[in-house]
Structure formats: structure tokens, C-alpha cells
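Asker: Would you mind keeping the following structure in view while I ask a few things?
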Amino acid sequence: MNYEGIIIRQISGFYDVLHDDAVIQCKARGIFRKEKVTPMVGDKVMIDKDEKLITSIAPRKNQFRRPAVSNIDCLGIVIAAKDPLPDHMLIDKLIISALINDIRPSLIINKADLATNNENDKFEKEYLKAGHSIFLISCKEKTGIDEIKESFNDGIVAFAGQSGVGKSSLLNLLCSDINLSVGELSIRTATGRHTTTHAQVIPLPSGAMLIDTPGFSSIDIDDIMPHKLQFYYSEFAPFMGQCRFADCLHDFEPDCVVKKAVGGEFISSERYERYISILRTLKNEKGRYVR
Ligand code: GDP
Ligand code: ZN
């Protein structure tokens, strides 16, 4: 009989498959090797429970190398209000690379305790305009953590962000009340892990699953065609198709409705300026690109 599960861990040729709150250690069917498919953490699989065998792997929605994980649903982009100061270009690029991979970005501003309300407000506004969900938290004071737990109630969640923003602290807080009897999850997130170097997925009581590696940094946006970049800026959407030129890149073109909206209610000037900077880099890289 075949059952559905998800690979949460890989240890030397064995795969821990989570199925109905139980972890079943499986081997992969020999045929995968012939087909040159290697099961990976995050894979949705069918297993033969009696044989303890992975019999098939569902098509992946996305897949990454570092960490080696598939099927990420949500990217928690962690930012510190201060210490270190936010790298806005990195944030924008992470948002773009999430959207390209069909991943929902979620902005988490940590260290709220270090900044004034005014500073936090300004920051929130810029990204709220972009239509992304934003959480203001402090791992130190344990504020805002419940809201994060509520928002992650499904799918696989990864975290990304500069070093020192509090990713490990957040992972630890989110996992502090997991039921460790689920299988043999002896892992305790990044700081206390003692198993393999592979990424693992930690199931939360809410139904979401956390990737335990706080270093997701896939910023593969160099392959975007310049004219596609605008589609990863949700705040441009209401203006799309209204510029004089149908193929407007919202840069030097005359009668550009997007540009006119910059600095207004919908489009932040800073986000727009960084869009232009990314756009021009892409244009230069794609010298052969003809509009
Ligand atoms: P990572 O590199 O992103 O994983 O960041 P860490 O979780 O290791 O945190 C970096 C430093 O920031 C540590 O010294 C934490 O104690 C500190 N830190 C984490 N969260 C907060 C917070 O909410 N407020 C303050 N003031 N410090 C924090
Ligand atoms: Zn335009």
C-alpha cells in the first residue's frame, strides 16, 4: 500500500519521511539511480510502508542547492531594525528571487527593541507598499513571535537574511515548543544540532515545516530578462499597461505612468531607485538584448 509523505531528513542513504506525525526511515527505490533522480529533503514522496521504500517523487515546485531542499513555500526574510542596519538591496533581491521560484516572501523585522517606533514605521511602510506581509518582532523580548507562528501554518518555510539579524534566535524560539517525540527529532535547530551537515526540516505543531539552516541565500536573479523584472514589483501592478509604450521599462521612457507614481501612495522612491539599479545591471549584462 502506498502512502504520501515528505522527506524531512537524509542520513547516509536513508530518508526520514514524515507521514501522519510519524517518521518512517526509508530507502529509495533502486530505479531512481537509473533515472538519475536523487530524493532530497522537502520532496513529497509516495512510500511503501511495509517495505520502507520511497516509490515515487512528486514533481518539485522549486529546488535549491544550498541548502539542498525542494518545495519551499515561504521565505522569511529576516532583517534587523538595527545592528546590523538593513541592506535594502539584499532584501529586494531576496524578494525577487523568492517570487521567481514561486515562494511567498514574508518580511520579519527583528530587534524591534533597538529602534524607535518612528524608525520601524518608516521601514514597514516602504515594504507594505510593495504588498508583502511584515512582522515586527524582538527575539530578545519575545514579542511578535506568536504572530509569526500563526502566519506559518502550512508548507515549508526557509529563512534568509544578513548575518547577525537573528535568524538562529528566531529558529530557536519557533522550535522551543515542538514535540520532540515526533520520530526521533533529536535536532534542536542550528545552534544545537548534532546530526548531519544536510539541511533538515522541522515540523511545527501548526503544520508548517521549518528548514533548520538559517543561511538560505539563493540570489540567482542574473538570468532575469530586463523586461521581466517589473513583474516582481507588486506595487507596479496597478499601473502596468498604462505607460505610453507597451514595452516600457519605466526607466528613460517618456510618459511613464509608473515613474509618475514614484514617491506617491503606492511606490516608494527607494524601492524604485533600487529597481532601476537592478534593471540597468541586467540590461548591461544582456548586451545582446534588443528591446
Ligand atoms: P543570525 O546570524 O541571523 O543567525 O543571528 P543570531 O540569531 O545569531 O543573532 C545575532 C545576535 O543578535 C546575537 O547576539 C543575538 O543575541 C542578537 N539578537 C537576536 N535577536 C535580537 C533581538 O530581538 N534584539 C536584540 N537586541 N538582539 C537580538
Ligand atoms: Zn513605464
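Quick note on naming: the chains in the C-alpha cells go A, B, ... in the order shown, residues restart at 1 in each chain, and ligands are numbered from 1 in order of appearance.
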If you count only C-alpha atoms, which residues fall within 12 Å of A:Ile278, apart from same-chain ones fewer than 5 positions away, as JSON, numbers by chain?
Answerer: {"A": [89, 90, 92, 93, 96, 221, 222, 223, 224, 225, 226, 227, 228, 229, 230, 232, 249, 251, 271, 272, 273, 283, 284, 285]}
Asker: For the selection you just gave me, I'd like the residues written to a file as an mmCIF file, in the first residue's frame, keeping C-alpha atoms.
Answerer:
```
data_model
loop_
_atom_site.group_PDB
_atom_site.id
_atom_site.type_symbol
_atom_site.label_atom_id
_atom_site.label_comp_id
_atom_site.auth_asym_id
_atom_site.auth_seq_id
_atom_site.Cartn_x
_atom_site.Cartn_y
_atom_site.Cartn_z
ATOM 1 C CA MET A 89 19.285 45.892 -1.917
ATOM 2 C CA LEU A 90 19.692 42.419 -0.456
ATOM 3 C CA ASP A 92 14.777 43.455 -2.633
ATOM 4 C CA LYS A 93 16.852 40.778 -4.322
ATOM 5 C CA ILE A 96 12.665 38.858 -6.298
ATOM 6 C CA ILE A 221 18.410 36.934 -10.357
ATOM 7 C CA ASP A 222 21.037 37.486 -13.054
ATOM 8 C CA ASP A 223 19.084 35.422 -15.519
ATOM 9 C CA ILE A 224 16.028 37.622 -15.494
ATOM 10 C CA MET A 225 15.317 39.333 -18.780
ATOM 11 C CA PRO A 226 15.188 43.081 -18.091
ATOM 12 C CA HIS A 227 11.574 43.434 -19.214
ATOM 13 C CA LYS A 228 10.507 40.711 -16.762
ATOM 14 C CA LEU A 229 11.949 42.424 -13.687
ATOM 15 C CA GLN A 230 8.957 44.743 -13.260
ATOM 16 C CA TYR A 232 8.399 41.077 -9.378
ATOM 17 C CA LEU A 249 10.760 49.504 -18.654
ATOM 18 C CA ASP A 251 13.341 53.939 -16.859
ATOM 19 C CA ARG A 271 12.399 50.746 -3.899
ATOM 20 C CA TYR A 272 12.056 52.344 -7.358
ATOM 21 C CA GLU A 273 15.666 53.560 -7.346
ATOM 22 C CA LYS A 283 20.453 45.489 -19.277
ATOM 23 C CA ASN A 284 24.243 45.753 -19.314
ATOM 24 C CA GLU A 285 24.649 42.052 -18.765
#
```
Asker: Can I get the residues close to ligand 2 as a short mmCIF file (atom, residue, chain, number, x, y, z; two decimals) with C-alpha atoms, in the first residue's frame, where close means within 8 Å and we count only C-alpha atoms and all ligand atoms?
Answerer:
```cif
data_model
loop_
_atom_site.label_atom_id
_atom_site.label_comp_id
_atom_site.auth_asym_id
_atom_site.auth_seq_id
_atom_site.Cartn_x
_atom_site.Cartn_y
_atom_site.Cartn_z
CA MET A 240 1.03 48.30 -15.65
CA GLN A 242 -0.83 52.38 -18.89
CA CYS A 243 2.53 53.75 -20.00
CA ARG A 244 2.84 55.24 -23.48
CA PHE A 245 4.98 52.34 -24.67
CA ASP A 247 7.17 47.59 -23.57
CA CYS A 248 8.04 50.40 -21.13
CA LEU A 249 10.76 49.50 -18.65
CA HIS A 250 9.84 52.54 -16.53
CA ASP A 251 13.34 53.94 -16.86
CA GLU A 253 10.83 56.20 -21.43
CA PRO A 254 8.59 59.26 -21.77
CA ASP A 255 5.03 59.26 -20.41
CA CYS A 256 5.73 56.51 -17.95
CA VAL A 257 2.88 56.10 -15.51
CA VAL A 258 4.93 54.00 -13.09
CA LYS A 259 7.59 56.70 -12.82
#
```
Asker: Go ahead and compute the interatomic distance for atom 28 (C, counted along the ligand's line) of ligand 1 and atom CA of A:Gly161, in Å to one decimal.
Answerer: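 These atoms are spaced 13.9 Å apart.
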Asker: What separation in Å, quoted to one decimal, exists between atom CA of A:His19 and atom CA of A:Ser70?
Answerer: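 One can read the atom CA of A:His19 to atom CA of A:Ser70 distance as 17.2 Å.
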Asker: Please identify all protein, DNA and RNA residues within 6 Å of ligand 1, counting only C-alpha atoms and all ligand atoms, and report them as an MDAnalysis selection string.
Answerer: chainID A and resid 110:111 113:114 138:140 163:169
Asker: Kindly export the residues of the current selection with N, CA, C and O atoms, as a PDB file, in the first residue's frame.
Answerer:
```
ATOM      1  N   ASN A 110      13.352  42.121  12.895  1.00  0.00           N
ATOM      2  CA  ASN A 110      13.710  41.717  14.254  1.00  0.00           C
ATOM      3  C   ASN A 110      14.427  42.866  14.965  1.00  0.00           C
ATOM      4  O   ASN A 110      14.725  43.890  14.373  1.00  0.00           O
ATOM      5  N   LYS A 111      14.699  42.678  16.225  1.00  0.00           N
ATOM      6  CA  LYS A 111      15.380  43.666  17.067  1.00  0.00           C
ATOM      7  C   LYS A 111      14.590  44.966  17.147  1.00  0.00           C
ATOM      8  O   LYS A 111      15.174  46.057  17.134  1.00  0.00           O
ATOM      9  N   ASP A 113      13.333  46.073  19.548  1.00  0.00           N
ATOM     10  CA  ASP A 113      13.718  46.724  20.811  1.00  0.00           C
ATOM     11  C   ASP A 113      14.816  47.767  20.633  1.00  0.00           C
ATOM     12  O   ASP A 113      14.993  48.646  21.469  1.00  0.00           O
ATOM     13  N   LEU A 114      15.553  47.666  19.504  1.00  0.00           N
ATOM     14  CA  LEU A 114      16.687  48.577  19.326  1.00  0.00           C
ATOM     15  C   LEU A 114      16.319  49.861  18.579  1.00  0.00           C
ATOM     16  O   LEU A 114      17.097  50.805  18.557  1.00  0.00           O
ATOM     17  N   SER A 138      10.770  41.034  18.306  1.00  0.00           N
ATOM     18  CA  SER A 138      12.037  41.091  19.024  1.00  0.00           C
ATOM     19  C   SER A 138      12.269  39.709  19.632  1.00  0.00           C
ATOM     20  O   SER A 138      11.490  39.249  20.462  1.00  0.00           O
ATOM     21  N   CYS A 139      13.302  39.050  19.181  1.00  0.00           N
ATOM     22  CA  CYS A 139      13.627  37.740  19.742  1.00  0.00           C
ATOM     23  C   CYS A 139      14.091  37.920  21.181  1.00  0.00           C
ATOM     24  O   CYS A 139      13.894  37.046  22.023  1.00  0.00           O
ATOM     25  N   LYS A 140      14.699  39.064  21.433  1.00  0.00           N
ATOM     26  CA  LYS A 140      15.216  39.302  22.778  1.00  0.00           C
ATOM     27  C   LYS A 140      14.063  39.445  23.765  1.00  0.00           C
ATOM     28  O   LYS A 140      14.066  38.840  24.836  1.00  0.00           O
ATOM     29  N   SER A 163      23.899  38.155   8.024  1.00  0.00           N
ATOM     30  CA  SER A 163      24.377  37.514   9.233  1.00  0.00           C
ATOM     31  C   SER A 163      24.186  38.470  10.415  1.00  0.00           C
ATOM     32  O   SER A 163      24.341  39.677  10.280  1.00  0.00           O
ATOM     33  N   GLY A 164      23.771  37.919  11.534  1.00  0.00           N
ATOM     34  CA  GLY A 164      23.624  38.729  12.735  1.00  0.00           C
ATOM     35  C   GLY A 164      22.254  39.365  12.933  1.00  0.00           C
ATOM     36  O   GLY A 164      22.022  40.067  13.914  1.00  0.00           O
ATOM     37  N   VAL A 165      21.311  39.106  11.999  1.00  0.00           N
ATOM     38  CA  VAL A 165      19.991  39.735  12.131  1.00  0.00           C
ATOM     39  C   VAL A 165      19.093  38.987  13.123  1.00  0.00           C
ATOM     40  O   VAL A 165      18.083  39.518  13.582  1.00  0.00           O
ATOM     41  N   GLY A 166      19.455  37.733  13.433  1.00  0.00           N
ATOM     42  CA  GLY A 166      18.667  36.995  14.421  1.00  0.00           C
ATOM     43  C   GLY A 166      17.947  35.775  13.881  1.00  0.00           C
ATOM     44  O   GLY A 166      16.980  35.299  14.473  1.00  0.00           O
ATOM     45  N   LYS A 167      18.432  35.232  12.773  1.00  0.00           N
ATOM     46  CA  LYS A 167      17.770  34.063  12.185  1.00  0.00           C
ATOM     47  C   LYS A 167      17.823  32.855  13.124  1.00  0.00           C
ATOM     48  O   LYS A 167      16.819  32.180  13.325  1.00  0.00           O
ATOM     49  N   SER A 168      18.999  32.602  13.671  1.00  0.00           N
ATOM     50  CA  SER A 168      19.117  31.447  14.573  1.00  0.00           C
ATOM     51  C   SER A 168      18.275  31.651  15.819  1.00  0.00           C
ATOM     52  O   SER A 168      17.616  30.720  16.294  1.00  0.00           O
ATOM     53  N   SER A 169      18.287  32.868  16.335  1.00  0.00           N
ATOM     54  CA  SER A 169      17.475  33.151  17.521  1.00  0.00           C
ATOM     55  C   SER A 169      16.002  32.871  17.237  1.00  0.00           C
ATOM     56  O   SER A 169      15.298  32.277  18.055  1.00  0.00           O
TER      57      SER A 169
END
```
Asker: Give me, as a ChimeraX atom specification, all polymer residues having an atom no more than 10 Å from A:Ile31, counting only C-alpha atoms and skipping those fewer than 4 positions away in the same chain.
Answerer: /A:35-37,55-56
Asker: Would you put the residues from that selection into a file with N, CA, C and O atoms, as a CSV table (one decimal), in the first residue's frame?
Answerer:
```csv
chain,number,residue,atom,x,y,z
A,35,GLU,N,17.4,6.5,-13.2
A,35,GLU,CA,16.7,7.7,-13.8
A,35,GLU,C,17.5,9.0,-13.4
A,35,GLU,O,17.0,10.1,-13.7
A,36,LYS,N,18.5,8.8,-12.7
A,36,LYS,CA,19.4,10.0,-12.2
A,36,LYS,C,18.5,11.0,-11.4
A,36,LYS,O,18.7,12.2,-11.5
A,37,VAL,N,17.6,10.4,-10.6
A,37,VAL,CA,16.9,11.3,-9.7
A,37,VAL,C,17.4,10.9,-8.3
A,37,VAL,O,17.4,9.8,-7.9
A,55,THR,N,8.7,5.1,-3.2
A,55,THR,CA,8.4,4.5,-4.5
A,55,THR,C,8.3,5.6,-5.6
A,55,THR,O,8.5,5.3,-6.8
A,56,SER,N,7.9,6.8,-5.3
A,56,SER,CA,7.9,7.9,-6.3
A,56,SER,C,8.1,9.3,-5.7
A,56,SER,O,7.8,9.4,-4.5
```
Asker: Give me the residues within 9 Å of A:Cys74 as an NGL selection string, counting only C-alpha atoms and dropping any in the same chain fewer than 6 places off.
Answerer: :A and (98 or 102-106 or 152 or 155-159)
Asker: Save the residues we just selected, C-alpha atoms, as a JSON list (two decimals), in the first residue's frame?
Answerer:
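New file result23.json:
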```
[["chain", "number", "residue", "atom", "x", "y", "z"],
["A", 98, "ALA", "CA", 11.58, 34.19, -3.86],
["A", 102, "ASP", "CA", 7.07, 30.67, -6.66],
["A", 103, "ILE", "CA", 7.82, 31.31, -2.98],
["A", 104, "ARG", "CA", 5.86, 33.72, -0.81],
["A", 105, "PRO", "CA", 8.17, 36.29, 0.78],
["A", 106, "SER", "CA", 7.46, 37.39, 4.31],
["A", 152, "PHE", "CA", 3.36, 29.96, 9.25],
["A", 155, "GLY", "CA", 4.17, 24.36, 3.87],
["A", 156, "ILE", "CA", 7.94, 24.60, 4.07],
["A", 157, "VAL", "CA", 9.44, 27.78, 5.43],
["A", 158, "ALA", "CA", 13.04, 28.93, 4.96],
["A", 159, "PHE", "CA", 14.78, 31.90, 6.50]]
```
Asker: So what do you get for atom CA of A:Val262 versus atom CA of A:Ala80, distance-wise?
Answerer: 25.8 Å
Asker: Can you pull out every residue from stretch 110-190 of chain A that DSSP, working from the backbone, puts in strand (DSSP E or B), and format the result as a VMD selection string?
Answerer: chain A and resid 110 133 to 136 138 143 156 to 160
Asker: As number ranges by chain, please: the residues near stretch 120-127 of chain A (cut-off 7 Å, only C-alpha atoms, same-chain neighbours under 5 positions excluded).
Answerer: A: 81, 115, 132, 134, 268
Asker: Skipping near chain neighbours, those fewer than 2 positions away, what residues fall within 7 Å of A:Asn2 using only C-alpha atoms, listed as a list in words?
Answerer: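 That gives Glu4, Met46, Ile47, Asp48 and Lys49 of chain A.
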Asker: Among the residues of stretch 69-107 of chain A, find those DSSP assigns to alpha helix (DSSP H) from the backbone and print them as JSON, numbers by chain.
Answerer: {"A": [88, 89, 90, 91, 92, 93, 94, 95, 96, 97, 98, 99, 100]}
Asker: Just want the 10 Å neighbourhood of A:Gln63, counted on only C-alpha atoms, with same-chain residues fewer than 2 positions away dropped. Output as a list in words.
Answerer: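 Once the adjacent positions are removed, what remains is Met40, Val41, Gly42, Asp43, Arg60, Lys61, Arg65, Arg66, Pro67, Ala68, Val69, Ser70, Asn71, Ile72 and Asn101 of chain A.
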